[in-house]
Amino acid sequence: MDERQIQIIMDSLWPLLKAGVSFTIPLTLISFALGLVLALITALARLSKWRILKLIFGFYVWVIRGTPLLVQLYIIFYGLPSVGITLDPFIASVIGFTLSVGAYSSEIMRAAIISIQEGQWEAGYSLGMTRWQVLRRIVLPQASRVSVPPLANSFISLVKDTSLAATITYVEMFRTANQIVATTYEPLLVYTEAGVIYLLFSTILTVLQNYLEKRLSRFSVR
């Protein structure tokens with residue numbers, strides 16, 4: 001590695017980190033938060049007794065899980081303008097990632113709710129609680145602890161998946177790397193540097209995930 005390449009790495013570091021902190025992380029946080037709300041609604045709808053809700057939300061999960069995320073982003077950003085709906089790259093990215101998180105996380109939440117023993121429901125009913133009260137006060141708090149590890153993994157995966165937003169012109173970290181490569185002609189160096197930063201973000205989040213799991217394990221029944 002010569003001096004020019006070292007200088008490129010040094011010059012690229014701050015723009016990449018800035019894009020990651022200013023654009024990649026906010027996009028991830030907003031999409032994941034909205035996705036969790038959608039996931040909970042979807043999980044509850046698919047567990048409800050209303051057949052129409054099961055069909056509607058089941059169809060949504062089927063479509064999102066059965067098609068590539070990249071295709072979904074292209075439809076939202078490049079396809080919708082053909083019917084008169086034009087979206088900002090950030091809004092289009094949030095919609096695409098939110099729909100994806102909602103579909104995949106709903107299955108995690110649904111499985112967690114189902115895993116709660118029937119006796120928990122019966123105990124709540126014996127105290128005079130309604131179904132909604134049992135769900136809110138007894139079942140969901142327990143199911144949320146069960147859901148933490150897989151949901152945390154989904155969050156870490158979403159950090160990396162946000163690189164797909166570069167394909168719809170959203171200037172996050174990977175898009176910034178593309179711009180740097182276009183001026184330096186050093187794709188191996190710049191993309192590797194971007195990969196290392198993604199790895200750094202994922203490692204920090206993994207450490208936080210492990211800490212959170214240990215904290216929650218204190219409340220688990222042994």
# chains A, B, ... in the order shown; residues from 1 in each chain; ligands from 1
>>> residues_around(residues="stretch 107-112 of chain A", least_positions_apart="6", cutoff="7 Å", atoms="only C-alpha atoms", output="list in words")
Leu40, Ala43, Ala143, Val146 and Ser147 of chain A
>>> closest_residue(among="A:Thr206, A:Ser22, A:Ser48, A:Ser105", to="A:Trp132", atoms="only C-alpha atoms")
A:Ser48
>>> closest_residue(among="A:Ile114, A:Ser31, A:Leu44, A:Val21", to="A:Gly96", atoms="only C-alpha atoms")
A:Ser31
>>> residues_around(residues="A:Phe57", least_positions_apart="4", cutoff="7 Å", atoms="only C-alpha atoms", output="ChimeraX atom specification")
/A:42,45-46,53,61
>>> write_last_selection(atoms="C-alpha atoms", output="tab-separated table (two decimals), in the first residue's frame")
chain	number	residue	atom	x	y	z
A	42	THR	CA	-49.76	-7.84	12.14
A	45	ALA	CA	-54.29	-9.55	13.56
A	46	ARG	CA	-53.08	-13.00	12.52
A	53	LEU	CA	-57.87	-9.66	9.25
A	61	VAL	CA	-46.55	-11.14	5.11
>>> atom_distance(atom1="atom CA of A:Leu200", atom2="atom CA of A:Lys214")
21.5 Å
>>> closest_residue(among="A:Leu69, A:Leu29, A:Ile168, A:Val139", to="A:Glu122", atoms="only C-alpha atoms")
A:Val139
>>> residues_around(residues="A:Arg137", least_positions_apart="5", cutoff="12 Å", atoms="only C-alpha atoms", output="compact mmCIF listing (two decimals) with all heavy atoms, in the first residue's frame")
# COMPACT_ATOMS: atom_id res chain seq x y z
N GLN A 120 -51.39 -19.07 31.51
CA GLN A 120 -51.25 -17.65 31.76
C GLN A 120 -52.54 -16.91 31.39
O GLN A 120 -52.97 -15.99 32.10
CB GLN A 120 -50.07 -17.08 30.96
CG GLN A 120 -48.72 -17.71 31.29
CD GLN A 120 -48.21 -17.27 32.65
OE1 GLN A 120 -48.48 -16.16 33.09
NE2 GLN A 120 -47.48 -18.14 33.32
N TRP A 121 -53.12 -17.31 30.27
CA TRP A 121 -54.40 -16.72 29.86
C TRP A 121 -55.49 -17.06 30.88
O TRP A 121 -56.26 -16.19 31.30
CB TRP A 121 -54.81 -17.25 28.48
CG TRP A 121 -53.94 -16.79 27.36
CD1 TRP A 121 -52.81 -17.39 26.88
CD2 TRP A 121 -54.13 -15.61 26.56
NE1 TRP A 121 -52.28 -16.67 25.85
CE2 TRP A 121 -53.07 -15.58 25.61
CE3 TRP A 121 -55.08 -14.60 26.55
CZ2 TRP A 121 -52.95 -14.57 24.68
CZ3 TRP A 121 -54.97 -13.58 25.60
CH2 TRP A 121 -53.91 -13.57 24.68
N ALA A 123 -55.22 -17.87 33.97
CA ALA A 123 -55.02 -17.18 35.25
C ALA A 123 -55.55 -15.76 35.18
O ALA A 123 -56.17 -15.26 36.14
CB ALA A 123 -53.53 -17.17 35.60
N GLY A 124 -55.33 -15.11 34.05
CA GLY A 124 -55.84 -13.74 33.89
C GLY A 124 -57.35 -13.71 33.85
O GLY A 124 -57.98 -12.84 34.48
N TYR A 125 -57.95 -14.67 33.14
CA TYR A 125 -59.41 -14.72 33.07
C TYR A 125 -60.02 -14.98 34.44
O TYR A 125 -61.07 -14.44 34.78
CB TYR A 125 -59.85 -15.81 32.10
CG TYR A 125 -59.49 -15.55 30.65
CD1 TYR A 125 -59.17 -16.60 29.79
CD2 TYR A 125 -59.45 -14.25 30.15
CE1 TYR A 125 -58.84 -16.37 28.46
CE2 TYR A 125 -59.11 -14.01 28.82
CZ TYR A 125 -58.80 -15.07 27.99
OH TYR A 125 -58.47 -14.84 26.68
N MET A 129 -60.07 -10.48 34.24
CA MET A 129 -59.54 -9.65 33.16
C MET A 129 -60.19 -10.00 31.82
O MET A 129 -60.60 -11.15 31.60
CB MET A 129 -58.02 -9.85 33.03
CG MET A 129 -57.20 -9.36 34.19
SD MET A 129 -55.42 -9.57 33.87
CE MET A 129 -54.72 -9.00 35.42
N THR A 130 -60.26 -9.02 30.94
CA THR A 130 -60.71 -9.27 29.58
C THR A 130 -59.54 -9.84 28.78
O THR A 130 -58.39 -9.84 29.24
CB THR A 130 -61.18 -7.97 28.91
OG1 THR A 130 -60.07 -7.06 28.80
CG2 THR A 130 -62.29 -7.31 29.74
N ARG A 131 -59.82 -10.29 27.56
CA ARG A 131 -58.76 -10.84 26.71
C ARG A 131 -57.68 -9.80 26.45
O ARG A 131 -56.49 -10.11 26.48
CB ARG A 131 -59.35 -11.34 25.39
CG ARG A 131 -58.31 -11.91 24.43
CD ARG A 131 -58.95 -12.43 23.15
NE ARG A 131 -57.96 -12.89 22.21
CZ ARG A 131 -57.34 -14.06 22.23
NH1 ARG A 131 -57.65 -14.92 23.19
NH2 ARG A 131 -56.44 -14.39 21.32
N TRP A 132 -58.09 -8.54 26.18
CA TRP A 132 -57.13 -7.48 25.92
C TRP A 132 -56.28 -7.19 27.14
O TRP A 132 -55.08 -6.96 27.03
CB TRP A 132 -57.86 -6.22 25.46
CG TRP A 132 -56.97 -5.01 25.41
CD1 TRP A 132 -57.07 -3.90 26.18
CD2 TRP A 132 -55.83 -4.80 24.56
NE1 TRP A 132 -56.07 -3.00 25.87
CE2 TRP A 132 -55.29 -3.52 24.88
CE3 TRP A 132 -55.22 -5.55 23.57
CZ2 TRP A 132 -54.19 -3.01 24.24
CZ3 TRP A 132 -54.10 -5.02 22.93
CH2 TRP A 132 -53.60 -3.77 23.26
N GLN A 142 -44.24 -10.95 28.79
CA GLN A 142 -43.45 -12.18 28.72
C GLN A 142 -42.97 -12.45 27.29
O GLN A 142 -41.83 -12.85 27.07
CB GLN A 142 -44.27 -13.36 29.22
CG GLN A 142 -44.67 -13.25 30.69
CD GLN A 142 -45.47 -14.45 31.15
OE1 GLN A 142 -44.95 -15.56 31.24
NE2 GLN A 142 -46.75 -14.24 31.44
N ALA A 143 -43.87 -12.22 26.34
CA ALA A 143 -43.51 -12.47 24.94
C ALA A 143 -42.41 -11.52 24.48
O ALA A 143 -41.56 -11.88 23.65
CB ALA A 143 -44.75 -12.32 24.06
N SER A 144 -42.40 -10.29 25.00
CA SER A 144 -41.39 -9.33 24.59
C SER A 144 -40.00 -9.79 25.00
O SER A 144 -39.02 -9.58 24.25
CB SER A 144 -41.69 -7.95 25.20
OG SER A 144 -41.63 -8.01 26.62
>>> closest_residue(among="A:Gly58, A:Pro187, A:Pro89, A:Gly35", to="A:Tyr170", atoms="only C-alpha atoms")
A:Pro89
>>> closest_residue(among="A:Leu208, A:Ala19, A:Val181, A:Ile52", to="A:Thr162", atoms="only C-alpha atoms")
A:Ala19
>>> select_by_dssp(residues="chain A", states="alpha helix (DSSP H)", output="NGL selection string")
:A and (3-19 or 25-47 or 51-66 or 69-74 or 89-115 or 118-126 or 131-134 or 140-161 or 173-184 or 187-217)
>>> residues_around(residues="A:Leu158", least_positions_apart="5", cutoff="10 Å", atoms="only C-alpha atoms", output="PDB file with C-alpha atoms, in the first residue's frame")
ATOM      1  CA  THR A  24     -27.580   5.063   7.987  1.00  0.00           C
ATOM      2  CA  ILE A  25     -28.278   4.899  11.735  1.00  0.00           C
ATOM      3  CA  LEU A  27     -32.785   5.373   8.743  1.00  0.00           C
ATOM      4  CA  THR A  28     -32.311   2.132  10.660  1.00  0.00           C
ATOM      5  CA  LEU A  29     -33.813   3.434  13.903  1.00  0.00           C
ATOM      6  CA  SER A  31     -37.581   2.040  10.040  1.00  0.00           C
ATOM      7  CA  PHE A  32     -37.140  -0.464  12.859  1.00  0.00           C
ATOM      8  CA  PHE A  97     -37.619  -1.127   5.278  1.00  0.00           C
ATOM      9  CA  SER A 100     -39.853  -5.583   5.514  1.00  0.00           C
ATOM     10  CA  VAL A 101     -39.251  -5.338   9.260  1.00  0.00           C
ATOM     11  CA  ALA A 152     -32.048  -7.708  18.050  1.00  0.00           C
ATOM     12  CA  ASN A 153     -30.625  -9.869  15.285  1.00  0.00           C
ATOM     13  CA  SER A 163     -27.008  -0.208   2.069  1.00  0.00           C
ATOM     14  CA  SER A 202     -22.635  -4.475  13.979  1.00  0.00           C
TER      15      SER A 202
END
>>> atom_distance(atom1="atom CA of A:Ala194", atom2="atom CA of A:Leu13")
8.5 Å
>>> closest_atom_pairs(of="stretch 143-204 of chain A", to="stretch 71-80 of chain A", cutoff="9 Å", atoms="only C-alpha atoms", output="JSON lines")
{"residue": "A:Leu164", "atom": "CA", "partner": "A:Leu73", "partner_atom": "CA", "distance": 8.3}
{"residue": "A:Ala165", "atom": "CA", "partner": "A:Leu73", "partner_atom": "CA", "distance": 7.7}
{"residue": "A:Thr167", "atom": "CA", "partner": "A:Tyr74", "partner_atom": "CA", "distance": 8.2}
{"residue": "A:Ile168", "atom": "CA", "partner": "A:Phe77", "partner_atom": "CA", "distance": 6.7}
>>> residues_around(residues="A:Met173", least_positions_apart="2", cutoff="6 Å", atoms="only C-alpha atoms", output="PyMOL selection string")
chain A and resi 16+19-20+175-176
>>> closest_residue(among="A:Thr203, A:Ala182, A:Phe174, A:Thr98", to="A:Leu17", atoms="only C-alpha atoms")
A:Phe174
